[in-house]
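One file, coords_10.cif, is given below (mmCIF, C-alpha atoms and all ligand atoms).
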```cif
data_target
#
loop_
_atom_site.label_atom_id
_atom_site.label_comp_id
_atom_site.auth_asym_id
_atom_site.auth_seq_id
_atom_site.Cartn_x
_atom_site.Cartn_y
_atom_site.Cartn_z
CA MET A 24 0.00 0.00 0.00
CA THR A 25 1.43 3.40 -0.98
CA GLU A 26 1.52 6.44 1.28
CA SER A 27 -1.16 8.14 -0.81
CA GLU A 28 -3.50 5.13 -0.44
CA LEU A 29 -2.92 5.20 3.31
CA ALA A 30 -3.63 8.95 3.35
CA ALA A 31 -6.96 8.34 1.60
CA ARG A 32 -7.90 5.73 4.21
CA HIS A 33 -6.76 8.11 6.98
CA ARG A 34 -9.03 10.86 5.62
CA ALA A 35 -11.97 8.48 5.35
CA VAL A 36 -11.89 7.24 8.92
CA LEU A 37 -10.12 9.87 11.03
CA PRO A 38 -11.54 13.33 11.80
CA ASN A 39 -11.18 16.22 9.34
CA TRP A 40 -9.55 18.31 12.03
CA LEU A 41 -6.65 15.89 12.40
CA ALA A 42 -4.62 17.67 9.73
CA LEU A 43 -1.75 16.03 7.90
CA TYR A 44 1.39 17.85 6.76
CA TYR A 45 2.30 17.99 3.06
CA GLN A 46 0.28 17.67 -0.14
CA GLU A 47 1.44 14.05 -0.19
CA PRO A 48 1.58 13.03 3.50
CA ILE A 49 4.42 10.84 4.69
CA GLU A 50 4.49 7.74 6.87
CA ILE A 51 7.65 7.44 8.95
CA VAL A 52 8.64 3.82 9.29
CA ARG A 53 12.23 3.92 10.56
CA ALA A 54 14.40 6.42 12.40
CA SER A 55 17.85 6.84 13.85
CA GLY A 56 19.64 9.81 15.38
CA ARG A 57 18.13 12.91 13.80
CA ARG A 58 16.99 11.18 10.62
CA VAL A 59 13.72 9.51 9.74
CA THR A 60 12.84 7.34 6.74
CA ASP A 61 9.44 7.18 5.10
CA ALA A 62 7.57 4.20 3.67
CA GLU A 63 8.93 4.94 0.22
CA GLY A 64 12.51 4.81 1.42
CA ARG A 65 13.25 8.56 1.47
CA THR A 66 15.30 9.81 4.40
CA TYR A 67 14.85 13.24 5.99
CA LEU A 68 16.72 15.29 8.54
CA ASP A 69 14.09 15.85 11.24
CA PHE A 70 13.92 19.45 12.42
CA PHE A 71 10.57 19.09 14.16
CA ALA A 72 11.35 15.96 16.19
CA GLY A 73 7.74 14.82 16.17
CA ILE A 74 6.60 18.23 17.52
CA LEU A 75 9.48 18.25 19.98
CA THR A 76 8.68 14.84 21.41
CA ASN A 77 12.00 13.30 20.40
CA ALA A 78 14.14 15.49 22.62
CA ILE A 79 17.29 13.41 22.17
CA GLY A 80 16.62 11.83 18.80
CA TYR A 81 15.62 8.42 17.57
CA ASP A 82 16.82 4.94 18.42
CA VAL A 83 18.90 5.94 21.44
CA ALA A 84 20.30 2.75 23.02
CA GLU A 85 20.04 4.01 26.61
CA ILE A 86 16.31 4.67 26.20
CA SER A 87 15.51 1.51 24.28
CA ASP A 88 17.42 -0.58 26.87
CA ALA A 89 15.52 1.00 29.76
CA VAL A 90 12.16 0.41 28.10
CA ARG A 91 13.12 -3.12 27.02
CA ALA A 92 14.24 -4.00 30.56
CA GLN A 93 10.80 -3.01 31.81
CA LEU A 94 9.04 -4.93 29.02
CA ASP A 95 11.14 -7.98 29.91
CA THR A 96 9.69 -8.02 33.41
CA GLY A 97 6.28 -8.65 31.82
CA VAL A 98 4.79 -5.67 33.67
CA LEU A 99 3.61 -3.06 31.16
CA HIS A 100 1.35 -1.65 33.80
CA THR A 101 -0.84 -2.77 36.66
CA SER A 102 -2.10 0.47 38.17
CA THR A 103 -1.12 3.47 40.24
CA LEU A 104 -2.64 1.68 43.24
CA TYR A 105 0.71 -0.06 43.66
CA LEU A 106 4.20 1.34 44.07
CA ILE A 107 6.10 2.06 40.86
CA ARG A 108 9.79 2.53 41.60
CA LYS A 109 10.73 4.54 38.50
CA GLN A 110 7.73 6.84 39.01
CA VAL A 111 8.94 7.76 42.50
CA GLU A 112 12.54 8.25 41.34
CA LEU A 113 11.48 10.38 38.39
CA ALA A 114 9.18 12.48 40.56
CA GLU A 115 12.01 13.12 43.03
CA GLN A 116 14.30 14.16 40.21
CA ILE A 117 11.76 16.51 38.61
CA ALA A 118 10.79 18.03 41.96
CA GLU A 119 14.46 18.80 42.58
CA LEU A 120 15.05 20.19 39.07
CA SER A 121 11.91 22.34 39.23
CA GLY A 122 13.39 24.81 41.72
CA ILE A 123 9.96 24.99 43.37
CA PRO A 124 10.63 24.57 47.10
CA ASP A 125 9.29 21.32 48.54
CA ALA A 126 7.49 20.48 45.27
CA LYS A 127 5.26 17.52 44.46
CA VAL A 128 4.74 15.84 41.09
CA PHE A 129 1.76 14.21 39.37
CA PHE A 130 2.18 12.25 36.13
CA THR A 131 -0.21 12.29 33.18
CA ASN A 132 -0.19 10.89 29.64
CA SER A 133 -0.08 14.17 27.73
CA GLY A 134 0.45 17.90 27.91
CA THR A 135 -3.28 18.52 27.66
CA GLU A 136 -3.96 16.40 30.69
CA ALA A 137 -1.11 18.08 32.57
CA ASN A 138 -2.63 21.51 31.95
CA GLU A 139 -6.14 20.30 32.77
CA THR A 140 -4.75 19.09 36.09
CA ALA A 141 -2.89 22.33 36.78
CA LEU A 142 -6.07 24.32 36.07
CA MET A 143 -8.06 22.05 38.33
CA LEU A 144 -5.52 22.51 41.12
CA ALA A 145 -5.38 26.29 40.73
CA THR A 146 -9.15 26.75 40.56
CA GLN A 147 -9.61 24.50 43.55
CA TYR A 148 -6.81 26.19 45.52
CA ARG A 149 -8.17 29.67 44.85
CA ARG A 150 -11.87 28.68 44.80
CA SER A 151 -12.31 30.59 41.54
CA ASN A 152 -13.02 29.52 37.96
CA GLN A 153 -11.41 32.64 36.52
CA VAL A 154 -8.18 32.25 34.62
CA LEU A 155 -5.83 34.53 32.73
CA ALA A 156 -4.10 33.38 29.57
CA LEU A 157 -2.01 35.05 26.91
CA ARG A 158 -3.32 35.93 23.47
CA ASN A 159 -2.15 33.47 20.83
CA SER A 160 -1.67 30.72 23.44
CA TYR A 161 -2.09 26.95 23.04
CA HIS A 162 -2.35 24.64 26.02
CA GLY A 163 -4.15 21.52 24.82
CA ARG A 164 -7.25 20.05 23.28
CA ALA A 165 -9.56 19.08 26.15
CA PHE A 166 -12.41 21.11 27.55
CA ALA A 167 -10.67 23.47 29.95
CA THR A 168 -7.48 23.80 27.88
CA ILE A 169 -9.45 24.58 24.72
CA GLY A 170 -11.10 27.30 26.80
CA ILE A 171 -7.75 29.01 27.35
CA THR A 172 -6.58 28.77 23.74
CA GLY A 173 -5.95 32.29 22.48
CA ASN A 174 -5.48 31.18 18.88
CA ARG A 175 -8.71 30.88 16.96
CA GLY A 176 -7.32 28.31 14.53
CA TRP A 177 -6.94 25.84 17.39
CA ALA A 178 -9.90 26.79 19.55
CA ALA A 179 -11.99 23.76 18.64
CA SER A 180 -14.81 24.68 21.02
CA SER A 181 -15.87 27.97 22.51
CA LEU A 182 -17.83 26.39 25.36
CA SER A 183 -15.55 26.65 28.32
CA PRO A 184 -16.15 25.88 31.98
CA LEU A 185 -13.72 28.67 32.83
CA LYS A 186 -14.07 32.42 32.69
CA VAL A 187 -11.01 33.46 30.74
CA SER A 188 -9.43 36.86 30.17
CA TYR A 189 -6.57 37.26 27.72
CA VAL A 190 -3.60 39.56 28.21
CA HIS A 191 -0.86 40.81 25.90
CA GLY A 192 2.67 39.48 26.04
CA GLY A 193 2.59 36.47 23.75
CA TYR A 194 3.08 37.54 20.18
CA ARG A 195 5.23 40.63 20.10
CA TYR A 196 5.77 40.83 16.33
CA ARG A 197 2.17 41.88 15.75
CA GLU A 198 0.98 43.22 19.10
CA PRO A 199 -0.19 46.84 19.43
CA PHE A 200 2.82 47.79 21.54
CA GLY A 201 5.11 45.09 20.15
CA GLY A 202 7.45 47.63 18.59
CA LEU A 203 8.34 49.27 21.91
CA PRO A 204 11.82 48.75 23.40
CA ASP A 205 11.98 45.78 25.81
CA ALA A 206 11.58 47.72 29.07
CA ASP A 207 8.65 49.75 27.74
CA TYR A 208 7.02 46.66 26.25
CA ILE A 209 7.26 44.85 29.59
CA LYS A 210 5.76 47.86 31.35
CA ALA A 211 2.91 48.12 28.83
CA CYS A 212 2.09 44.39 29.19
CA ALA A 213 2.16 44.57 33.01
CA GLU A 214 -0.16 47.59 32.88
CA ASP A 215 -2.46 45.69 30.52
CA LEU A 216 -2.51 42.78 32.98
CA ARG A 217 -3.40 45.12 35.84
CA ASP A 218 -6.07 46.77 33.72
CA VAL A 219 -7.64 43.41 32.81
CA LEU A 220 -7.62 42.38 36.46
CA GLN A 221 -9.35 45.58 37.47
CA THR A 222 -11.88 45.72 34.63
CA THR A 223 -12.89 42.22 33.52
CA THR A 224 -12.43 40.56 36.92
CA ALA A 225 -12.80 41.42 40.57
CA GLY A 226 -9.22 40.28 41.12
CA ASP A 227 -10.39 36.92 42.44
CA VAL A 228 -8.64 35.03 39.66
CA ALA A 229 -7.18 31.55 40.12
CA ALA A 230 -4.12 31.69 37.91
CA LEU A 231 -2.27 33.08 34.97
CA ILE A 232 -1.14 30.27 32.69
CA ALA A 233 1.48 30.98 30.05
CA GLU A 234 4.00 29.38 27.75
CA PRO A 235 7.38 31.08 28.34
CA ILE A 236 7.85 30.86 24.56
CA GLN A 237 4.63 30.19 22.65
CA GLY A 238 4.93 26.98 20.65
CA VAL A 239 1.92 26.42 18.39
CA GLY A 240 1.67 30.23 18.31
CA GLY A 241 4.87 30.43 16.30
CA PHE A 242 7.80 30.33 18.75
CA ASN A 243 7.16 33.81 20.10
CA VAL A 244 9.84 35.00 22.49
CA PRO A 245 8.91 37.71 25.00
CA PRO A 246 11.70 39.85 26.41
CA ASP A 247 13.40 38.41 29.50
CA GLY A 248 11.78 39.89 32.59
CA LEU A 249 8.21 40.02 31.26
CA PHE A 250 7.01 37.29 33.62
CA ALA A 251 8.82 38.87 36.57
CA ALA A 252 6.75 42.00 35.96
CA PHE A 253 3.62 39.86 35.66
CA LYS A 254 4.45 37.99 38.86
CA GLU A 255 4.73 41.23 40.80
CA VAL A 256 1.16 42.12 39.82
CA LEU A 257 -0.14 38.58 40.40
CA ASP A 258 1.41 38.47 43.87
CA GLU A 259 -0.57 41.55 44.90
CA TYR A 260 -3.73 39.51 44.32
CA GLY A 261 -2.45 36.09 45.41
CA ILE A 262 -2.98 34.77 41.86
CA LEU A 263 -0.95 31.68 40.95
CA LEU A 264 1.47 31.53 38.02
CA ILE A 265 1.44 28.32 35.97
CA SER A 266 4.25 27.91 33.48
CA ASP A 267 3.40 25.61 30.60
CA GLU A 268 6.82 24.10 29.92
CA VAL A 269 5.51 21.46 27.52
CA GLN A 270 7.73 22.83 24.74
CA THR A 271 10.26 24.95 26.65
CA GLY A 272 11.28 22.42 29.30
CA TRP A 273 14.29 20.09 29.54
CA GLY A 274 16.90 22.64 28.42
CA ARG A 275 15.57 23.13 24.90
CA THR A 276 15.83 26.93 25.15
CA GLY A 277 19.58 26.57 25.79
CA GLU A 278 20.07 29.27 28.40
CA HIS A 279 17.91 27.62 31.03
CA PHE A 280 16.50 24.23 31.93
CA TRP A 281 12.98 25.72 32.14
CA GLY A 282 11.78 28.54 29.91
CA MET A 283 10.41 30.55 32.85
CA ARG A 284 13.90 30.79 34.37
CA ALA A 285 14.84 33.38 31.74
CA HIS A 286 12.59 35.74 33.69
CA GLY A 287 14.11 34.99 37.08
CA VAL A 288 10.75 33.68 38.23
CA THR A 289 9.80 30.54 40.10
CA PRO A 290 6.21 29.68 39.16
CA ASP A 291 3.74 28.07 41.55
CA ALA A 292 3.28 25.17 39.14
CA MET A 293 4.83 23.95 35.92
CA THR A 294 3.42 21.52 33.40
CA PHE A 295 5.52 19.32 31.16
CA ALA A 296 5.20 16.58 28.52
CA LYS A 297 6.57 16.06 25.00
CA GLY A 298 10.37 15.68 25.26
CA LEU A 299 10.43 13.96 28.64
CA GLY A 300 9.63 10.51 27.28
CA ASN A 301 11.63 10.98 24.06
CA GLY A 302 8.51 9.81 22.22
CA LEU A 303 6.76 7.85 24.97
CA ALA A 304 3.45 9.23 26.24
CA ILE A 305 4.16 11.02 29.49
CA GLY A 306 3.41 14.44 30.96
CA GLY A 307 2.78 15.92 34.34
CA VAL A 308 2.57 18.77 36.80
CA VAL A 309 5.13 19.85 39.35
CA ALA A 310 3.71 22.27 41.89
CA ARG A 311 4.01 23.80 45.30
CA ARG A 312 3.05 21.22 47.90
CA ASP A 313 0.06 23.21 49.22
CA VAL A 314 -1.26 23.71 45.68
CA MET A 315 -0.82 20.04 44.73
CA ASP A 316 -2.45 18.87 47.94
CA SER A 317 -5.37 21.31 47.73
CA ILE A 318 -7.50 18.44 46.45
CA THR A 319 -8.86 16.35 49.25
CA ALA A 320 -10.97 13.89 47.26
CA ASN A 321 -9.31 10.89 45.66
CA SER A 322 -8.10 11.20 42.10
CA ILE A 323 -6.31 8.85 39.75
CA SER A 324 -4.77 8.56 36.32
CA THR A 325 -4.90 4.95 35.23
CA PHE A 326 -1.92 5.13 32.91
CA GLY A 327 -0.17 8.25 34.21
CA GLY A 328 3.31 7.41 35.44
CA ASN A 329 3.17 3.81 34.25
CA PRO A 330 6.32 1.69 34.55
CA VAL A 331 7.18 1.70 30.82
CA SER A 332 6.82 5.46 30.30
CA THR A 333 8.59 6.37 33.52
CA ALA A 334 11.47 3.97 32.76
CA GLY A 335 11.92 5.63 29.36
CA ALA A 336 11.50 9.12 30.80
CA LYS A 337 14.01 8.53 33.59
CA ALA A 338 16.55 7.29 31.03
CA THR A 339 15.83 10.32 28.80
CA LEU A 340 16.26 12.80 31.63
CA ASP A 341 19.51 11.16 32.75
CA TYR A 342 20.77 11.17 29.17
CA LEU A 343 20.07 14.82 28.55
CA LEU A 344 21.63 15.85 31.85
CA ASP A 345 24.71 13.59 31.51
CA ASN A 346 25.40 14.81 27.98
CA ASP A 347 24.73 18.51 28.60
CA LEU A 348 22.18 18.71 25.81
CA GLN A 349 21.11 22.09 27.17
CA GLY A 350 24.63 23.37 26.35
CA ASN A 351 24.37 21.86 22.87
CA ALA A 352 20.97 23.48 22.37
CA LEU A 353 22.45 26.86 23.28
CA LYS A 354 25.48 26.51 21.01
CA LEU A 355 23.69 25.17 17.94
CA GLY A 356 20.63 27.33 18.53
CA ASN A 357 22.78 30.46 18.40
CA HIS A 358 24.46 29.15 15.25
CA LEU A 359 21.13 28.45 13.55
CA ILE A 360 19.59 31.78 14.59
CA ALA A 361 22.61 33.65 13.20
CA GLY A 362 22.40 31.68 9.94
CA LEU A 363 18.67 32.29 9.63
CA ARG A 364 19.03 36.02 10.37
CA ASP A 365 21.49 36.07 7.50
CA LEU A 366 18.81 34.48 5.27
CA GLY A 367 16.40 37.11 6.61
CA GLU A 368 18.72 39.82 5.25
CA ARG A 369 18.74 38.20 1.85
CA TYR A 370 15.09 37.23 1.37
CA ASP A 371 12.35 39.76 1.91
CA ILE A 372 9.67 37.07 2.40
CA VAL A 373 11.39 36.43 5.76
CA GLY A 374 9.71 38.92 8.09
CA ASP A 375 11.11 37.84 11.45
CA VAL A 376 13.59 35.32 12.86
CA ARG A 377 13.25 34.66 16.58
CA GLY A 378 13.99 31.96 19.07
CA LYS A 379 16.05 30.63 21.92
CA GLY A 380 18.13 27.49 21.79
CA LEU A 381 16.56 24.87 19.55
CA MET A 382 13.19 26.56 19.35
CA ILE A 383 13.37 28.86 16.37
CA GLY A 384 10.61 30.57 14.41
CA VAL A 385 10.87 32.09 10.95
CA GLU A 386 7.86 34.23 10.14
CA LEU A 387 7.09 34.44 6.42
CA VAL A 388 5.40 37.47 4.96
CA GLU A 389 4.42 38.77 1.55
CA SER A 390 7.31 40.24 -0.35
CA GLY A 391 8.13 43.79 0.67
CA GLY A 392 5.92 44.10 3.73
CA LYS A 393 4.75 42.55 6.96
CA HIS A 394 1.56 40.94 5.73
CA PRO A 395 1.47 37.28 6.86
CA SER A 396 1.86 34.76 4.03
CA PRO A 397 0.51 31.27 4.77
CA PRO A 398 1.04 30.25 1.10
CA ASN A 399 4.75 31.08 1.30
CA ALA A 400 5.06 29.03 4.50
CA ALA A 401 3.22 26.08 2.95
CA ALA A 402 5.42 26.33 -0.15
CA VAL A 403 8.65 26.40 1.87
CA LEU A 404 7.47 23.34 3.79
CA GLU A 405 7.01 21.43 0.51
CA GLU A 406 10.39 22.64 -0.80
CA THR A 407 12.29 21.61 2.32
CA ARG A 408 10.61 18.22 2.28
CA GLU A 409 11.66 17.68 -1.34
CA ARG A 410 15.23 18.51 -0.32
CA GLY A 411 15.18 16.11 2.64
CA LEU A 412 14.31 18.28 5.65
CA LEU A 413 11.23 18.11 7.88
CA ILE A 414 10.23 21.31 9.67
CA GLY A 415 7.10 22.50 11.44
CA LYS A 416 4.64 25.29 10.85
CA GLY A 417 2.53 27.41 13.18
CA GLY A 418 1.54 30.87 14.26
CA LEU A 419 -1.74 32.69 14.43
CA HIS A 420 -1.77 32.94 10.64
CA ASN A 421 -0.06 29.60 9.99
CA ASN A 422 2.81 31.46 8.36
CA VAL A 423 5.65 30.69 10.77
CA LEU A 424 8.22 27.98 10.07
CA ARG A 425 9.14 26.18 13.26
CA LEU A 426 12.53 24.56 13.77
CA ALA A 427 13.00 22.31 16.79
CA PRO A 428 15.41 19.45 16.05
CA PRO A 429 16.42 16.85 18.63
CA MET A 430 18.83 18.36 21.16
CA THR A 431 21.57 15.93 20.09
CA LEU A 432 21.87 17.85 16.81
CA THR A 433 25.40 18.17 15.33
CA GLY A 434 27.02 21.22 13.72
CA GLU A 435 27.08 19.47 10.33
CA GLU A 436 23.37 18.74 10.54
CA ALA A 437 22.66 22.36 11.48
CA ASP A 438 24.57 23.55 8.41
CA GLU A 439 22.83 20.99 6.21
CA ALA A 440 19.46 22.35 7.36
CA LEU A 441 20.55 25.95 6.78
CA ASP A 442 21.60 25.09 3.21
CA ILE A 443 18.26 23.40 2.53
CA LEU A 444 16.32 26.33 4.01
CA ASP A 445 18.38 28.77 1.94
CA ALA A 446 17.61 26.91 -1.30
CA SER A 447 13.94 26.38 -0.36
CA ILE A 448 13.25 30.00 0.59
CA ALA A 449 15.07 31.12 -2.58
CA ALA A 450 12.86 28.85 -4.69
CA VAL A 451 9.71 30.27 -3.14
CA GLN A 452 10.82 33.90 -3.20
CA GLU A 453 11.96 33.66 -6.79
CA GLY A 454 8.79 31.81 -7.77
CA THR A 455 10.77 28.99 -9.31
CA ARG A 456 8.90 26.22 -7.61
N1 LIG A 501 1.01 22.88 25.93
C1 LIG A 501 1.79 23.26 24.91
C2 LIG A 501 2.66 24.46 25.08
C3 LIG A 501 1.81 22.50 23.73
O1 LIG A 501 2.60 22.89 22.73
C4 LIG A 501 1.01 21.36 23.62
C5 LIG A 501 0.99 20.49 22.36
N2 LIG A 501 1.31 21.10 21.19
C6 LIG A 501 0.20 21.02 24.69
C7 LIG A 501 0.22 21.79 25.84
C8 LIG A 501 -0.70 19.82 24.63
O2 LIG A 501 0.08 18.68 24.70
P1 LIG A 501 -0.51 17.28 24.17
O3 LIG A 501 -0.64 17.41 22.68
O4 LIG A 501 0.53 16.30 24.62
O5 LIG A 501 -1.80 17.06 24.84
#
```
Could you render the structure as structure tokens?
Amino acid sequence: MTESELAARHRAVLPNWLALYYQEPIEIVRASGRRVTDAEGRTYLDFFAGILTNAIGYDVAEISDAVRAQLDTGVLHTSTLYLIRKQVELAEQIAELSGIPDAKVFFTNSGTEANETALMLATQYRRSNQVLALRNSYHGRAFATIGITGNRGWAASSLSPLKVSYVHGGYRYREPFGGLPDADYIKACAEDLRDVLQTTTAGDVAALIAEPIQGVGGFNVPPDGLFAAFKEVLDEYGILLISDEVQTGWGRTGEHFWGMRAHGVTPDAMTFAKGLGNGLAIGGVVARRDVMDSITANSISTFGGNPVSTAGAKATLDYLLDNDLQGNALKLGNHLIAGLRDLGERYDIVGDVRGKGLMIGVELVESGGKHPSPPNAAAVLEETRERGLLIGKGGLHNNVLRLAPPMTLTGEEADEALDILDASIAAVQEGTR
């Protein structure tokens, strides 16, 4: 069966809203390091890492061995009603790494479920169903998380159990005061937050939830210090800060292990998922002890923190710490950003290059202006694929290329990707495709 036949069957039986990349979608059947191979035998350099799930790349012996050792015991899972050694060890490690004093950890199967849990904890802790989120945000696809999605393209339902107010600070490139210098921008956003608190709420809000760098929203980087200014305002009201580290965690941003650290802020709770399991389904919440234990009823996640996922996650975390992948993300991220800024000088369909570490966005616009160009982004995606590179796409207007390779990336691979992007953007700008 060819990939196009499989795509037709996919479209027939899976929902319309489960979009596939590329005019001719690909099926990945093998992978190793930073390269994946499709069912027709074509190999690609993977600069999206399965939407950042493969933090350290494919087919890593340490991870496979840890998972295989667990499979060999015959225990895939029994339940969270019994002790699971790796779950406890992983929780201890994450609590320590979080920097949240005396933290506790709860494991889930996805980022969505992690954020749903964090919202439940915050609303319960504060006895309020009011939440603040950033414009252009994405936090998941279940009922409460859809309710705090500030990006209409991904807001699958508008029926939310939460009362949500949106504040500025997410997407600087196109925000009303986005063009201000950093310090003034931070001040304007903090004033906007205070204004929202005083006008659309009575101040009795549960939490502000935010991605330190917006992912789906197009890798939008706020100036360092924005969340410190937010926290000052939130603290006046006793409002909790939840950092959604689903994309920014585990050292991917290079400078810091958690994205929120760039702001010198310790949040009350952080959520995580994606890269932790290097492809295995695992997520979770790490939070202040009093916030985590604000729930007095019993609760459970049948599969959350299961022995297979936690064995793989523990091995992944050890691997990325032992091999200083955060340092590699910083080094190669800076190299890629410099190379892409150079492309930005040469091609006027490149409107903005932004990022930190291995989380880099390239916003494509119409030639000679700032108008978003989804067709140019779609075209570059096809061109890069033809040349053997997989990248992502996102942003409010679906016009932002997203680069987020595994953190084990090499310098040669970074240069290979830059060459492919150069040729692909040239082909689209010059209309030669
Ligand atoms: N938070 C952020 C910042 C995300 O990027 C995502 C997924 N794109 C989620 C939450 C939801 O994670 P999941 O798809 O694992 O439910």
Stretch 198-301 of chain A residues near stretch 148-166 of chain A within 9 Å, closest pair each, using all atoms listed in the file, as a Markdown table:
```
| residue | atom | partner | partner_atom | distance |
| --- | --- | --- | --- | --- |
| A:Leu216 | CA | A:Leu155 | CA | 8.9 |
| A:Leu220 | CA | A:Leu155 | CA | 8.9 |
| A:Thr224 | CA | A:Gln153 | CA | 8.0 |
| A:Asp227 | CA | A:Ser151 | CA | 6.7 |
| A:Val228 | CA | A:Gln153 | CA | 4.8 |
| A:Ala229 | CA | A:Arg149 | CA | 5.2 |
| A:Ala230 | CA | A:Val154 | CA | 5.3 |
| A:Leu231 | CA | A:Leu155 | CA | 4.4 |
| A:Ile232 | CA | A:Ala156 | CA | 5.3 |
| A:Ala233 | CA | A:Ala156 | CA | 6.1 |
| A:Glu234 | CA | A:Ser160 | CA | 7.2 |
| A:Gln237 | CA | A:Ser160 | CA | 6.4 |
| A:Gly238 | CA | A:Tyr161 | CA | 7.4 |
| A:Val239 | CA | A:Tyr161 | CA | 6.2 |
| A:Gly240 | CA | A:Asn159 | CA | 5.6 |
| A:Gly241 | CA | A:Asn159 | CA | 8.9 |
| A:Gly261 | CA | A:Arg149 | CA | 8.6 |
| A:Ile262 | CA | A:Arg149 | CA | 7.9 |
| A:Leu263 | CA | A:Arg149 | CA | 8.4 |
| A:Asp267 | CA | A:His162 | CA | 7.4 |
| A:Val269 | CA | A:His162 | CA | 8.6 |
```
Subject >> Separation of atom CA of A:Ile117 from atom CA of A:Met315 in Å >> reply: 14.4 Å
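For the set A:Val288, A:Ala206, A:Val309, A:Ala84, the residue with the smallest atom-to-atom gap to A:Asn138 is A:Val309, counting all atoms listed in the file.
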Give, as AutoDock Vina command-line options, the centre coordinates and the x, y and z edge lengths in Å to one decimal for an axis-aligned box around all listed atoms of ligand LIG 501 (chain A), padded by 3 Å on each side.
```
--center_x 0.4 --center_y 20.4 --center_z 23.6 --size_x 10.5 --size_y 14.2 --size_z 10.7
```
Original post:
For the atom pair atom CA of A:Ala449 and atom CA of A:Gly411, what is the interatomic distance in Å to one decimal place?
Top reply: 15.9 Å
**OP:** Could you pull out every residue with an atom within 10 Å of (18.6, 22.2, 8.2), file coordinates, counting all atoms listed in the file, and send them as a ChimeraX atom specification?
**Re:** /A:67-70,359,407,410-414,426,428,435-445
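Near A:Phe200, within 10 Å and counting all atoms listed in the file, sit His191, Gly192, Asp207, Tyr208, Ile209, Ala211 and Cys212 of chain A; same-chain residues fewer than 6 positions away were not included.
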**OP:** Using atom CA of A:Phe71 and atom CA of A:Ala141 as the two end points, give the distance in Å to one decimal.
**Re:** 26.5 Å
Interface rows for stretch 77-104 of chain A against stretch 48-61 of chain A: nearest pair, Å to one decimal, 7 Å, only C-alpha atoms, as a Markdown table:
```
| residue | atom | partner | partner_atom | distance |
| --- | --- | --- | --- | --- |
| A:Gly80 | CA | A:Gly56 | CA | 5.0 |
| A:Tyr81 | CA | A:Ser55 | CA | 4.6 |
| A:Asp82 | CA | A:Ser55 | CA | 5.1 |
```
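Closest approach to ligand LIG 501 (chain A) among A:Leu99, A:Val376, A:Leu75, A:Ala310 is made by A:Leu75 (distances from all atoms listed in the file).
Among the candidates A:Asp95, A:Glu63, A:Glu85, A:Glu268, the one nearest to ligand LIG 501 (chain A) when counting only C-alpha atoms and all ligand atoms is A:Glu268.
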Original post:
Using all atoms listed in the file, which of A:Leu299, A:Ile123, A:Ile79, A:Ala114 sits nearest A:Asn351?
Top reply: A:Ile79
12 Å contact set for A:Glu47, all atoms listed in the file, chain neighbours under 4 positions out, as a compact mmCIF listing (two decimals) with C-alpha atoms, keeping the file's coordinate frame:
```
# COMPACT_ATOMS: atom_id res chain seq x y z
CA THR A 25 1.43 3.40 -0.98
CA GLU A 26 1.52 6.44 1.28
CA SER A 27 -1.16 8.14 -0.81
CA GLU A 28 -3.50 5.13 -0.44
CA LEU A 29 -2.92 5.20 3.31
CA ALA A 30 -3.63 8.95 3.35
CA ALA A 31 -6.96 8.34 1.60
CA LEU A 43 -1.75 16.03 7.90
CA ASP A 61 9.44 7.18 5.10
CA GLU A 63 8.93 4.94 0.22
CA LEU A 404 7.47 23.34 3.79
CA GLU A 405 7.01 21.43 0.51
CA ARG A 408 10.61 18.22 2.28
CA GLU A 409 11.66 17.68 -1.34
```
Subject >> All residues 12 Å or closer to stretch 323-334 of chain A, all atoms listed in the file, same chain fewer than 6 positions away omitted, as a ChimeraX atom specification >> reply: /A:85-114,116-117,128-134,136-137,140,296-308,340-341
Subject >> Shell of 8 Å around stretch 381-387 of chain A, all atoms listed in the file, local chain residues under 5 positions omitted, as a ChimeraX atom specification >> reply: /A:241-243,275-277,352-353,355-356,360,363,372-376,395-397,399-400,422-428,430
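Compared by their closest atoms to ligand LIG 501 (chain A), and using all atoms listed in the file, the residues A:Val403, A:Met293, A:Met24, A:Ala446 rank with A:Met293 nearest.
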**OP:** Using only C-alpha atoms and all ligand atoms, pick whichever of A:Asn421, A:Asn346, A:Ser266, A:Thr66 has the shortest atom-to-atom distance to ligand LIG 501 (chain A).
**Re:** A:Ser266
Original post:
Can you list, as a PyMOL selection string, every protein, DNA or RNA residue that comes within 9 Å of A:Val314 when you count only C-alpha atoms, leaving out same-chain residues fewer than 4 positions away?
Top reply: chain A and resi 144-145+147-148+291-292+310+318
